[in-house]
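First the structure, in the form of structure tokens, and then the observations on it.
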Amino acid sequence: MKLLARALCLWELGKQVAGWERVGPRGGSCASRRAVRHRPDPWPSQPCSTGRIMRPDDANVAGNVHGGTILKMIEEAGAIISTRHCNSQNGERCVAALARVERTDFLSPMCIGEVAHVSAEITYTSKHSVEVQVNVMSENILTGTKKLTNKATLWYVPLSLKNVDKVLEVPPVVYSRQEQEEEGRKRYEAQKLERMETKWKNGDIVQPVMNPEPNTVSYSQSSLIHLVGPSDCTLHGFVHGGVTMKLMDEVAGIVAARHCKTNIVTASVDAINFHDKIRKGCVITISGRMTFTSNKSMEIEVLVDADPVVDNSQKRYRAASAFFTYVSLSQEGKPLPVPQLVPETEDEKKRFEEGKGRYLQMKAKRQGQAEPQA
């Protein structure tokens, strides 16, 4: 409660001293709002910056900002800079659509009253896609202290305003080093392959179970049903990627809270793959289930299925999928042990082992990065 009271105090003060921050999806620096239509080919991409103060409705009961709120801000910044870049030359107008988000770690929690500064920069372009690197900084406006909370990599594709199924060509960018283009090409090929593999193996559906036992997959699995409205959508009439990610994080958080029955926060998000577009008027079902637990973390698989209820010609389809990792915290914000998951069916045991493999792989990667260079 003390943490929440302090956060509310920060928020009230922030409303007075941070009035220059634009609140909402259209917020941003003056530089980020200037749109230049005609540039030479290729041209150096200009960074985009947005920011706003964190409000009580952005956070959980403990005052920690929801991971989905931050993911939505990250996607908005990425959509701005990639759409601006793809419309930088004469030609057919377009909107950049989110195709994939690489693994994103939540390095530090953000609280009510702090200001989130989001900066986006284009790091690579292929013929039909844009790679955007996004950093999030939190600022304590009482002390002026800033800290890095998130780093994310997103991939966008430009869709024509005249024909949503038409993917346009992306203007190239100028690289400061020749190696940057080659490194970007390798990242592009790797994510393209993984996105295709993930699409084919995500065909199963989360089914409810009557009277499940505690600590089982069925006990904590959760679903959310959402009718897609105009405020959720782009100019095309398709759902913003950030809206989908926020709903996915909300469901994953419910699964984690049901399993632990404590305060929980998002620790990381594995690659989020957007397999297909979601049209306005669709009913989407966001389902989450626990797949793996370590001593202090939980992996939750989240699946998004779209049902075009007003279009009888199209069946229900898988629109997006991802793995979220959560940690359990005490009232003082200290990590707590996680109740161990009890897989029952063969499929649950298989998913548990796959999750364990991902956990050990990331653990080894972090330990390798932490080792001092010889």
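Scheme for the structure tokens: letters A, B, ... for chains in order shown; per-chain residue numbers from 1; ligand numbers from 1 in order shown.
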Residues of range 278-373 of chain A within 10 Å of range 235-245 of chain A: nearest atom pair and distance (Å, one decimal) for each, counting only C-alpha atoms, sorted by chain and number, as JSON lines?
{"residue": "A:Ile278", "atom": "CA", "partner": "A:Phe238", "partner_atom": "CA", "distance": 5.4}
{"residue": "A:Arg279", "atom": "CA", "partner": "A:Phe238", "partner_atom": "CA", "distance": 4.4}
{"residue": "A:Lys280", "atom": "CA", "partner": "A:Gly237", "partner_atom": "CA", "distance": 5.4}
{"residue": "A:Gly281", "atom": "CA", "partner": "A:Gly237", "partner_atom": "CA", "distance": 9.0}
{"residue": "A:Cys282", "atom": "CA", "partner": "A:Phe238", "partner_atom": "CA", "distance": 9.6}
{"residue": "A:Ile284", "atom": "CA", "partner": "A:Thr244", "partner_atom": "CA", "distance": 9.5}
{"residue": "A:Ile286", "atom": "CA", "partner": "A:Thr244", "partner_atom": "CA", "distance": 8.9}
{"residue": "A:Val302", "atom": "CA", "partner": "A:Met245", "partner_atom": "CA", "distance": 10.0}
{"residue": "A:Val304", "atom": "CA", "partner": "A:Thr244", "partner_atom": "CA", "distance": 8.3}
{"residue": "A:Ala319", "atom": "CA", "partner": "A:Thr244", "partner_atom": "CA", "distance": 9.6}
{"residue": "A:Ala320", "atom": "CA", "partner": "A:Thr244", "partner_atom": "CA", "distance": 8.4}
{"residue": "A:Ser321", "atom": "CA", "partner": "A:Met245", "partner_atom": "CA", "distance": 9.7}
{"residue": "A:Ala322", "atom": "CA", "partner": "A:Met245", "partner_atom": "CA", "distance": 9.3}
What would the file look like if the residues just selected were written as a PDB file, in the first residue's frame with N, CA, C and O atoms?
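Saved as selection_33.pdb:
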ATOM      1  N   ILE A 278      -6.544  -9.259 -38.304  1.00  0.00           N
ATOM      2  CA  ILE A 278      -7.834  -9.363 -37.623  1.00  0.00           C
ATOM      3  C   ILE A 278      -8.675  -8.162 -38.035  1.00  0.00           C
ATOM      4  O   ILE A 278      -8.294  -7.016 -37.797  1.00  0.00           O
ATOM      5  N   ARG A 279      -9.812  -8.423 -38.650  1.00  0.00           N
ATOM      6  CA  ARG A 279     -10.652  -7.360 -39.206  1.00  0.00           C
ATOM      7  C   ARG A 279     -11.634  -6.820 -38.162  1.00  0.00           C
ATOM      8  O   ARG A 279     -12.049  -7.529 -37.242  1.00  0.00           O
ATOM      9  N   LYS A 280     -11.984  -5.565 -38.310  1.00  0.00           N
ATOM     10  CA  LYS A 280     -13.007  -4.940 -37.481  1.00  0.00           C
ATOM     11  C   LYS A 280     -14.295  -5.747 -37.550  1.00  0.00           C
ATOM     12  O   LYS A 280     -14.725  -6.165 -38.625  1.00  0.00           O
ATOM     13  N   GLY A 281     -14.913  -5.974 -36.399  1.00  0.00           N
ATOM     14  CA  GLY A 281     -16.136  -6.754 -36.337  1.00  0.00           C
ATOM     15  C   GLY A 281     -15.920  -8.210 -35.972  1.00  0.00           C
ATOM     16  O   GLY A 281     -16.883  -8.919 -35.651  1.00  0.00           O
ATOM     17  N   CYS A 282     -14.651  -8.664 -36.009  1.00  0.00           N
ATOM     18  CA  CYS A 282     -14.356 -10.036 -35.603  1.00  0.00           C
ATOM     19  C   CYS A 282     -14.496 -10.184 -34.085  1.00  0.00           C
ATOM     20  O   CYS A 282     -14.326  -9.221 -33.335  1.00  0.00           O
ATOM     21  N   ILE A 284     -12.558 -12.017 -31.165  1.00  0.00           N
ATOM     22  CA  ILE A 284     -11.287 -12.696 -30.935  1.00  0.00           C
ATOM     23  C   ILE A 284     -11.302 -13.350 -29.553  1.00  0.00           C
ATOM     24  O   ILE A 284     -11.831 -12.803 -28.585  1.00  0.00           O
ATOM     25  N   ILE A 286      -8.711 -14.790 -26.797  1.00  0.00           N
ATOM     26  CA  ILE A 286      -7.327 -14.832 -26.359  1.00  0.00           C
ATOM     27  C   ILE A 286      -7.232 -15.848 -25.238  1.00  0.00           C
ATOM     28  O   ILE A 286      -7.846 -15.673 -24.178  1.00  0.00           O
ATOM     29  N   VAL A 302       0.238 -17.993 -25.027  1.00  0.00           N
ATOM     30  CA  VAL A 302      -0.979 -17.239 -25.327  1.00  0.00           C
ATOM     31  C   VAL A 302      -1.295 -17.383 -26.817  1.00  0.00           C
ATOM     32  O   VAL A 302      -0.424 -17.166 -27.665  1.00  0.00           O
ATOM     33  N   VAL A 304      -4.157 -16.435 -29.938  1.00  0.00           N
ATOM     34  CA  VAL A 304      -5.234 -15.528 -30.346  1.00  0.00           C
ATOM     35  C   VAL A 304      -5.934 -16.116 -31.566  1.00  0.00           C
ATOM     36  O   VAL A 304      -5.306 -16.325 -32.609  1.00  0.00           O
ATOM     37  N   ALA A 319      -4.622 -16.142 -35.279  1.00  0.00           N
ATOM     38  CA  ALA A 319      -4.137 -14.823 -35.691  1.00  0.00           C
ATOM     39  C   ALA A 319      -2.773 -14.474 -35.102  1.00  0.00           C
ATOM     40  O   ALA A 319      -1.986 -13.774 -35.734  1.00  0.00           O
ATOM     41  N   ALA A 320      -2.492 -14.932 -33.873  1.00  0.00           N
ATOM     42  CA  ALA A 320      -1.223 -14.582 -33.224  1.00  0.00           C
ATOM     43  C   ALA A 320      -0.909 -15.592 -32.137  1.00  0.00           C
ATOM     44  O   ALA A 320      -1.803 -16.295 -31.644  1.00  0.00           O
ATOM     45  N   SER A 321       0.368 -15.665 -31.754  1.00  0.00           N
ATOM     46  CA  SER A 321       0.789 -16.564 -30.680  1.00  0.00           C
ATOM     47  C   SER A 321       2.085 -16.059 -30.076  1.00  0.00           C
ATOM     48  O   SER A 321       2.872 -15.369 -30.733  1.00  0.00           O
ATOM     49  N   ALA A 322       2.302 -16.401 -28.795  1.00  0.00           N
ATOM     50  CA  ALA A 322       3.518 -15.958 -28.114  1.00  0.00           C
ATOM     51  C   ALA A 322       3.660 -16.684 -26.788  1.00  0.00           C
ATOM     52  O   ALA A 322       2.712 -17.314 -26.294  1.00  0.00           O
TER      53      ALA A 322
END
Contacts of His275 in chain A within 9 Å, only C-alpha atoms, excl. fewer than 3 positions in-chain, as a VMD selection string
chain A and resid 99 to 100 195 to 196 198 to 199 318 to 321
Report as a Markdown table the residues of range 48-130 of chain A within 7 Å of range 137-161 of chain A, each with its shortest atom pair and distance in Å (one decimal), using only C-alpha atoms, ordered by chain and increasing residue number.
| residue | atom | partner | partner_atom | distance |
| --- | --- | --- | --- | --- |
| A:Ser82 | CA | A:Tyr156 | CA | 7.0 |
| A:Cys86 | CA | A:Pro158 | CA | 6.6 |
| A:Glu92 | CA | A:Ser160 | CA | 6.8 |
| A:Arg93 | CA | A:Leu161 | CA | 6.0 |
| A:Cys94 | CA | A:Ser160 | CA | 4.4 |
| A:Val95 | CA | A:Leu159 | CA | 5.5 |
| A:Ala96 | CA | A:Pro158 | CA | 4.2 |
| A:Ala97 | CA | A:Tyr156 | CA | 5.3 |
| A:Leu98 | CA | A:Tyr156 | CA | 4.5 |
| A:Ala99 | CA | A:Tyr156 | CA | 5.3 |
| A:Arg100 | CA | A:Trp155 | CA | 5.2 |
| A:Val101 | CA | A:Leu154 | CA | 4.5 |
| A:Glu102 | CA | A:Thr153 | CA | 5.3 |
| A:Thr104 | CA | A:Ala152 | CA | 5.2 |
| A:Asp105 | CA | A:Asn150 | CA | 6.1 |
| A:Phe106 | CA | A:Asn150 | CA | 5.2 |
| A:Leu107 | CA | A:Thr149 | CA | 4.8 |
| A:Ser108 | CA | A:Thr149 | CA | 4.7 |
| A:Pro109 | CA | A:Thr149 | CA | 6.7 |
| A:Met110 | CA | A:Ser138 | CA | 6.5 |
| A:Glu114 | CA | A:Asn140 | CA | 5.1 |
| A:Val115 | CA | A:Glu139 | CA | 5.0 |
| A:Ala116 | CA | A:Ser138 | CA | 4.7 |
| A:His117 | CA | A:Met137 | CA | 5.0 |
| A:Val118 | CA | A:Met137 | CA | 6.5 |
| A:His128 | CA | A:Val157 | CA | 6.0 |
| A:Ser129 | CA | A:Val157 | CA | 4.6 |
| A:Val130 | CA | A:Tyr156 | CA | 5.1 |
Would you save the residues of that selection, restricted to N, CA and C atoms, as a PDB file, in the first residue's frame?
ATOM      1  N   SER A  82       7.798   3.391 -38.913  1.00  0.00           N
ATOM      2  CA  SER A  82       7.816   2.547 -40.108  1.00  0.00           C
ATOM      3  C   SER A  82       6.813   3.037 -41.153  1.00  0.00           C
ATOM      4  N   CYS A  86       7.867   4.324 -44.894  1.00  0.00           N
ATOM      5  CA  CYS A  86       7.326   3.689 -46.091  1.00  0.00           C
ATOM      6  C   CYS A  86       6.552   4.670 -46.980  1.00  0.00           C
ATOM      7  N   GLU A  92       2.350   4.942 -53.976  1.00  0.00           N
ATOM      8  CA  GLU A  92       1.115   4.527 -53.329  1.00  0.00           C
ATOM      9  C   GLU A  92       1.221   4.670 -51.816  1.00  0.00           C
ATOM     10  N   ARG A  93       0.194   5.254 -51.201  1.00  0.00           N
ATOM     11  CA  ARG A  93       0.199   5.450 -49.752  1.00  0.00           C
ATOM     12  C   ARG A  93      -0.062   4.118 -49.042  1.00  0.00           C
ATOM     13  N   CYS A  94       0.497   3.972 -47.833  1.00  0.00           N
ATOM     14  CA  CYS A  94       0.385   2.710 -47.120  1.00  0.00           C
ATOM     15  C   CYS A  94       0.414   2.929 -45.614  1.00  0.00           C
ATOM     16  N   VAL A  95       0.080   1.873 -44.887  1.00  0.00           N
ATOM     17  CA  VAL A  95       0.208   1.828 -43.428  1.00  0.00           C
ATOM     18  C   VAL A  95       1.037   0.604 -43.081  1.00  0.00           C
ATOM     19  N   ALA A  96       2.007   0.760 -42.190  1.00  0.00           N
ATOM     20  CA  ALA A  96       2.852  -0.361 -41.788  1.00  0.00           C
ATOM     21  C   ALA A  96       2.109  -1.240 -40.786  1.00  0.00           C
ATOM     22  N   ALA A  97       2.055  -2.539 -41.063  1.00  0.00           N
ATOM     23  CA  ALA A  97       1.373  -3.496 -40.187  1.00  0.00           C
ATOM     24  C   ALA A  97       2.405  -4.346 -39.467  1.00  0.00           C
ATOM     25  N   LEU A  98       2.168  -4.598 -38.189  1.00  0.00           N
ATOM     26  CA  LEU A  98       3.101  -5.384 -37.385  1.00  0.00           C
ATOM     27  C   LEU A  98       3.040  -6.852 -37.781  1.00  0.00           C
ATOM     28  N   ALA A  99       4.216  -7.440 -38.041  1.00  0.00           N
ATOM     29  CA  ALA A  99       4.293  -8.845 -38.419  1.00  0.00           C
ATOM     30  C   ALA A  99       4.895  -9.709 -37.319  1.00  0.00           C
ATOM     31  N   ARG A 100       5.811  -9.111 -36.533  1.00  0.00           N
ATOM     32  CA  ARG A 100       6.505  -9.926 -35.514  1.00  0.00           C
ATOM     33  C   ARG A 100       7.195  -9.018 -34.507  1.00  0.00           C
ATOM     34  N   VAL A 101       7.220  -9.477 -33.257  1.00  0.00           N
ATOM     35  CA  VAL A 101       7.999  -8.822 -32.210  1.00  0.00           C
ATOM     36  C   VAL A 101       9.001  -9.834 -31.686  1.00  0.00           C
ATOM     37  N   GLU A 102      10.287  -9.490 -31.730  1.00  0.00           N
ATOM     38  CA  GLU A 102      11.303 -10.395 -31.203  1.00  0.00           C
ATOM     39  C   GLU A 102      11.214 -10.444 -29.677  1.00  0.00           C
ATOM     40  N   THR A 104      11.403  -9.782 -25.959  1.00  0.00           N
ATOM     41  CA  THR A 104      11.489  -8.511 -25.259  1.00  0.00           C
ATOM     42  C   THR A 104      11.619  -8.766 -23.763  1.00  0.00           C
ATOM     43  N   ASP A 105      12.665  -8.245 -23.149  1.00  0.00           N
ATOM     44  CA  ASP A 105      12.866  -8.396 -21.712  1.00  0.00           C
ATOM     45  C   ASP A 105      12.434  -7.130 -20.993  1.00  0.00           C
ATOM     46  N   PHE A 106      11.769  -7.317 -19.866  1.00  0.00           N
ATOM     47  CA  PHE A 106      11.391  -6.201 -19.005  1.00  0.00           C
ATOM     48  C   PHE A 106      12.495  -6.055 -17.963  1.00  0.00           C
ATOM     49  N   LEU A 107      13.403  -5.106 -18.204  1.00  0.00           N
ATOM     50  CA  LEU A 107      14.631  -5.001 -17.425  1.00  0.00           C
ATOM     51  C   LEU A 107      14.404  -4.401 -16.050  1.00  0.00           C
ATOM     52  N   SER A 108      13.389  -3.546 -15.936  1.00  0.00           N
ATOM     53  CA  SER A 108      13.134  -2.868 -14.675  1.00  0.00           C
ATOM     54  C   SER A 108      11.661  -2.481 -14.621  1.00  0.00           C
ATOM     55  N   PRO A 109      11.014  -2.575 -13.457  1.00  0.00           N
ATOM     56  CA  PRO A 109       9.592  -2.216 -13.377  1.00  0.00           C
ATOM     57  C   PRO A 109       9.373  -0.718 -13.508  1.00  0.00           C
ATOM     58  N   MET A 110       8.218  -0.339 -14.009  1.00  0.00           N
ATOM     59  CA  MET A 110       7.814   1.057 -14.114  1.00  0.00           C
ATOM     60  C   MET A 110       6.586   1.256 -13.230  1.00  0.00           C
ATOM     61  N   GLU A 114       5.556   7.774 -13.028  1.00  0.00           N
ATOM     62  CA  GLU A 114       6.780   7.912 -13.806  1.00  0.00           C
ATOM     63  C   GLU A 114       6.433   8.223 -15.255  1.00  0.00           C
ATOM     64  N   VAL A 115       7.367   8.851 -15.949  1.00  0.00           N
ATOM     65  CA  VAL A 115       7.175   9.178 -17.360  1.00  0.00           C
ATOM     66  C   VAL A 115       7.891   8.139 -18.212  1.00  0.00           C
ATOM     67  N   ALA A 116       7.172   7.565 -19.155  1.00  0.00           N
ATOM     68  CA  ALA A 116       7.752   6.603 -20.091  1.00  0.00           C
ATOM     69  C   ALA A 116       8.202   7.332 -21.344  1.00  0.00           C
ATOM     70  N   HIS A 117       9.485   7.236 -21.675  1.00  0.00           N
ATOM     71  CA  HIS A 117      10.049   7.809 -22.897  1.00  0.00           C
ATOM     72  C   HIS A 117      10.337   6.660 -23.866  1.00  0.00           C
ATOM     73  N   VAL A 118       9.690   6.676 -25.021  1.00  0.00           N
ATOM     74  CA  VAL A 118       9.841   5.607 -26.006  1.00  0.00           C
ATOM     75  C   VAL A 118      10.534   6.163 -27.245  1.00  0.00           C
ATOM     76  N   HIS A 128      10.399  -5.833 -48.636  1.00  0.00           N
ATOM     77  CA  HIS A 128       9.002  -5.701 -48.217  1.00  0.00           C
ATOM     78  C   HIS A 128       8.828  -5.627 -46.699  1.00  0.00           C
ATOM     79  N   SER A 129       9.886  -5.359 -45.939  1.00  0.00           N
ATOM     80  CA  SER A 129       9.721  -5.288 -44.487  1.00  0.00           C
ATOM     81  C   SER A 129      10.689  -4.289 -43.875  1.00  0.00           C
ATOM     82  N   VAL A 130      10.341  -3.858 -42.651  1.00  0.00           N
ATOM     83  CA  VAL A 130      11.128  -2.864 -41.916  1.00  0.00           C
ATOM     84  C   VAL A 130      11.411  -3.405 -40.517  1.00  0.00           C
TER      85      VAL A 130
END
Pick from A:Val217, A:Leu336, A:Val309, A:Ala364: nearest to Thr291 in chain A, with only C-alpha atoms counted?
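So, comparing all the options, the nearest one is A:Val217.
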Looking at only C-alpha atoms, which of A:Ile254, A:Ile264, A:Cys111, A:Ile272 is the one that sits closest to Glu75 in chain A?
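Ranked by minimum distance to Glu75 in chain A, first place goes to A:Ile272.
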Which polymer residues have any atom within 12 Å of an atom of Glu354 in chain A, counting only C-alpha atoms, with same-chain residues fewer than 6 positions away left out, as a PDB file with all heavy atoms, in the first residue's frame?
ATOM      1  N   THR A 291       2.773 -23.369 -19.327  1.00  0.00           N
ATOM      2  CA  THR A 291       3.509 -24.444 -19.999  1.00  0.00           C
ATOM      3  C   THR A 291       4.704 -24.929 -19.195  1.00  0.00           C
ATOM      4  O   THR A 291       5.085 -26.096 -19.285  1.00  0.00           O
ATOM      5  CB  THR A 291       4.001 -23.969 -21.377  1.00  0.00           C
ATOM      6  OG1 THR A 291       4.709 -22.729 -21.224  1.00  0.00           O
ATOM      7  CG2 THR A 291       2.840 -23.771 -22.343  1.00  0.00           C
ATOM      8  N   PHE A 292       5.305 -24.041 -18.375  1.00  0.00           N
ATOM      9  CA  PHE A 292       6.517 -24.425 -17.638  1.00  0.00           C
ATOM     10  C   PHE A 292       6.704 -23.520 -16.437  1.00  0.00           C
ATOM     11  O   PHE A 292       6.341 -22.326 -16.484  1.00  0.00           O
ATOM     12  CB  PHE A 292       7.744 -24.329 -18.561  1.00  0.00           C
ATOM     13  CG  PHE A 292       9.056 -24.484 -17.836  1.00  0.00           C
ATOM     14  CD1 PHE A 292       9.486 -25.735 -17.420  1.00  0.00           C
ATOM     15  CD2 PHE A 292       9.855 -23.379 -17.558  1.00  0.00           C
ATOM     16  CE1 PHE A 292      10.689 -25.881 -16.727  1.00  0.00           C
ATOM     17  CE2 PHE A 292      11.060 -23.508 -16.881  1.00  0.00           C
ATOM     18  CZ  PHE A 292      11.471 -24.768 -16.459  1.00  0.00           C
ATOM     19  N   THR A 293       7.260 -24.071 -15.362  1.00  0.00           N
ATOM     20  CA  THR A 293       7.657 -23.267 -14.206  1.00  0.00           C
ATOM     21  C   THR A 293       9.069 -23.648 -13.792  1.00  0.00           C
ATOM     22  O   THR A 293       9.427 -24.837 -13.772  1.00  0.00           O
ATOM     23  CB  THR A 293       6.716 -23.490 -12.999  1.00  0.00           C
ATOM     24  OG1 THR A 293       6.651 -24.899 -12.704  1.00  0.00           O
ATOM     25  CG2 THR A 293       5.326 -22.962 -13.274  1.00  0.00           C
ATOM     26  N   GLU A 299       6.292 -19.737 -17.473  1.00  0.00           N
ATOM     27  CA  GLU A 299       6.100 -19.510 -18.906  1.00  0.00           C
ATOM     28  C   GLU A 299       4.650 -19.788 -19.259  1.00  0.00           C
ATOM     29  O   GLU A 299       4.091 -20.823 -18.875  1.00  0.00           O
ATOM     30  CB  GLU A 299       7.016 -20.403 -19.735  1.00  0.00           C
ATOM     31  CG  GLU A 299       6.872 -20.140 -21.243  1.00  0.00           C
ATOM     32  CD  GLU A 299       7.587 -21.156 -22.099  1.00  0.00           C
ATOM     33  OE1 GLU A 299       7.090 -22.309 -22.164  1.00  0.00           O
ATOM     34  OE2 GLU A 299       8.610 -20.816 -22.698  1.00  0.00           O
ATOM     35  N   GLU A 301       1.840 -19.750 -22.471  1.00  0.00           N
ATOM     36  CA  GLU A 301       1.573 -19.677 -23.911  1.00  0.00           C
ATOM     37  C   GLU A 301       0.242 -18.964 -24.116  1.00  0.00           C
ATOM     38  O   GLU A 301      -0.753 -19.278 -23.458  1.00  0.00           O
ATOM     39  CB  GLU A 301       1.510 -21.067 -24.522  1.00  0.00           C
ATOM     40  CG  GLU A 301       1.318 -21.052 -26.035  1.00  0.00           C
ATOM     41  CD  GLU A 301       1.259 -22.442 -26.635  1.00  0.00           C
ATOM     42  OE1 GLU A 301       0.864 -23.385 -25.920  1.00  0.00           O
ATOM     43  OE2 GLU A 301       1.607 -22.586 -27.814  1.00  0.00           O
ATOM     44  N   PHE A 323       4.862 -16.581 -26.208  1.00  0.00           N
ATOM     45  CA  PHE A 323       5.125 -17.071 -24.858  1.00  0.00           C
ATOM     46  C   PHE A 323       5.509 -15.890 -23.973  1.00  0.00           C
ATOM     47  O   PHE A 323       6.399 -15.111 -24.314  1.00  0.00           O
ATOM     48  CB  PHE A 323       6.261 -18.102 -24.849  1.00  0.00           C
ATOM     49  CG  PHE A 323       5.900 -19.408 -25.488  1.00  0.00           C
ATOM     50  CD1 PHE A 323       6.246 -19.669 -26.806  1.00  0.00           C
ATOM     51  CD2 PHE A 323       5.211 -20.382 -24.774  1.00  0.00           C
ATOM     52  CE1 PHE A 323       5.909 -20.874 -27.401  1.00  0.00           C
ATOM     53  CE2 PHE A 323       4.871 -21.585 -25.365  1.00  0.00           C
ATOM     54  CZ  PHE A 323       5.224 -21.840 -26.678  1.00  0.00           C
ATOM     55  N   ASP A 347       0.405 -34.214 -23.835  1.00  0.00           N
ATOM     56  CA  ASP A 347       0.652 -32.930 -24.492  1.00  0.00           C
ATOM     57  C   ASP A 347       1.209 -31.907 -23.497  1.00  0.00           C
ATOM     58  O   ASP A 347       2.116 -31.137 -23.827  1.00  0.00           O
ATOM     59  CB  ASP A 347      -0.632 -32.390 -25.116  1.00  0.00           C
ATOM     60  CG  ASP A 347      -1.002 -33.122 -26.400  1.00  0.00           C
ATOM     61  OD1 ASP A 347      -0.117 -33.768 -26.987  1.00  0.00           O
ATOM     62  OD2 ASP A 347      -2.178 -33.042 -26.807  1.00  0.00           O
ATOM     63  N   GLU A 348       0.667 -31.891 -22.285  1.00  0.00           N
ATOM     64  CA  GLU A 348       1.149 -30.954 -21.266  1.00  0.00           C
ATOM     65  C   GLU A 348       2.586 -31.275 -20.869  1.00  0.00           C
ATOM     66  O   GLU A 348       3.402 -30.359 -20.669  1.00  0.00           O
ATOM     67  CB  GLU A 348       0.239 -30.998 -20.045  1.00  0.00           C
ATOM     68  CG  GLU A 348      -1.142 -30.400 -20.304  1.00  0.00           C
ATOM     69  CD  GLU A 348      -2.099 -30.617 -19.151  1.00  0.00           C
ATOM     70  OE1 GLU A 348      -1.697 -31.259 -18.154  1.00  0.00           O
ATOM     71  OE2 GLU A 348      -3.248 -30.140 -19.241  1.00  0.00           O
ATOM     72  N   LEU A 360      16.255 -23.039 -20.247  1.00  0.00           N
ATOM     73  CA  LEU A 360      17.686 -23.339 -20.099  1.00  0.00           C
ATOM     74  C   LEU A 360      18.510 -22.640 -21.178  1.00  0.00           C
ATOM     75  O   LEU A 360      19.634 -22.191 -20.925  1.00  0.00           O
ATOM     76  CB  LEU A 360      17.906 -24.844 -20.150  1.00  0.00           C
ATOM     77  CG  LEU A 360      17.316 -25.646 -18.968  1.00  0.00           C
ATOM     78  CD1 LEU A 360      17.500 -27.142 -19.202  1.00  0.00           C
ATOM     79  CD2 LEU A 360      17.955 -25.220 -17.653  1.00  0.00           C
ATOM     80  N   GLN A 361      17.951 -22.546 -22.377  1.00  0.00           N
ATOM     81  CA  GLN A 361      18.650 -21.869 -23.468  1.00  0.00           C
ATOM     82  C   GLN A 361      18.852 -20.390 -23.147  1.00  0.00           C
ATOM     83  O   GLN A 361      19.950 -19.847 -23.326  1.00  0.00           O
ATOM     84  CB  GLN A 361      17.861 -22.034 -24.767  1.00  0.00           C
ATOM     85  CG  GLN A 361      18.559 -21.458 -25.987  1.00  0.00           C
ATOM     86  CD  GLN A 361      17.757 -21.671 -27.256  1.00  0.00           C
ATOM     87  OE1 GLN A 361      16.571 -21.999 -27.218  1.00  0.00           O
ATOM     88  NE2 GLN A 361      18.385 -21.494 -28.402  1.00  0.00           N
TER      89      GLN A 361
END
Determine, counting only C-alpha atoms, which protein, DNA and RNA residues have an atom within 7 Å of an atom of Cys48 in chain A; residues of the same chain fewer than 5 positions away are not included. Present the result as a VMD selection string.
chain A and resid 32 77 81 119 to 121
Those residues with N, CA, C and O atoms, as a compact mmCIF listing (two decimals), in the first residue's frame please?
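Heads up, here's the output in part09.txt:
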# COMPACT_ATOMS: atom_id res chain seq x y z
N SER A 32 9.04 14.19 -33.86
CA SER A 32 8.42 12.95 -34.34
C SER A 32 7.10 13.21 -35.05
O SER A 32 6.58 12.33 -35.70
N ALA A 77 5.03 3.42 -31.29
CA ALA A 77 6.23 4.11 -31.78
C ALA A 77 6.77 3.43 -33.04
O ALA A 77 7.17 4.09 -34.00
N ILE A 81 7.10 5.26 -36.93
CA ILE A 81 8.35 5.45 -37.69
C ILE A 81 8.36 4.61 -38.96
O ILE A 81 8.84 5.05 -40.02
N SER A 119 11.65 5.55 -27.62
CA SER A 119 12.38 5.99 -28.82
C SER A 119 12.49 4.83 -29.80
O SER A 119 12.79 3.70 -29.40
N ALA A 120 12.23 5.11 -31.07
CA ALA A 120 12.25 4.08 -32.11
C ALA A 120 13.18 4.50 -33.24
O ALA A 120 13.27 5.68 -33.60
N GLU A 121 13.87 3.51 -33.80
CA GLU A 121 14.81 3.76 -34.89
C GLU A 121 14.80 2.58 -35.86
O GLU A 121 14.75 1.42 -35.44
Nearest to Tyr124 in chain A among A:Gly288, A:Pro335, A:Pro172, A:Gly63, with distances taken over only C-alpha atoms: which residue is it?
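Distance minimum relative to Tyr124 in chain A lands on A:Pro172.
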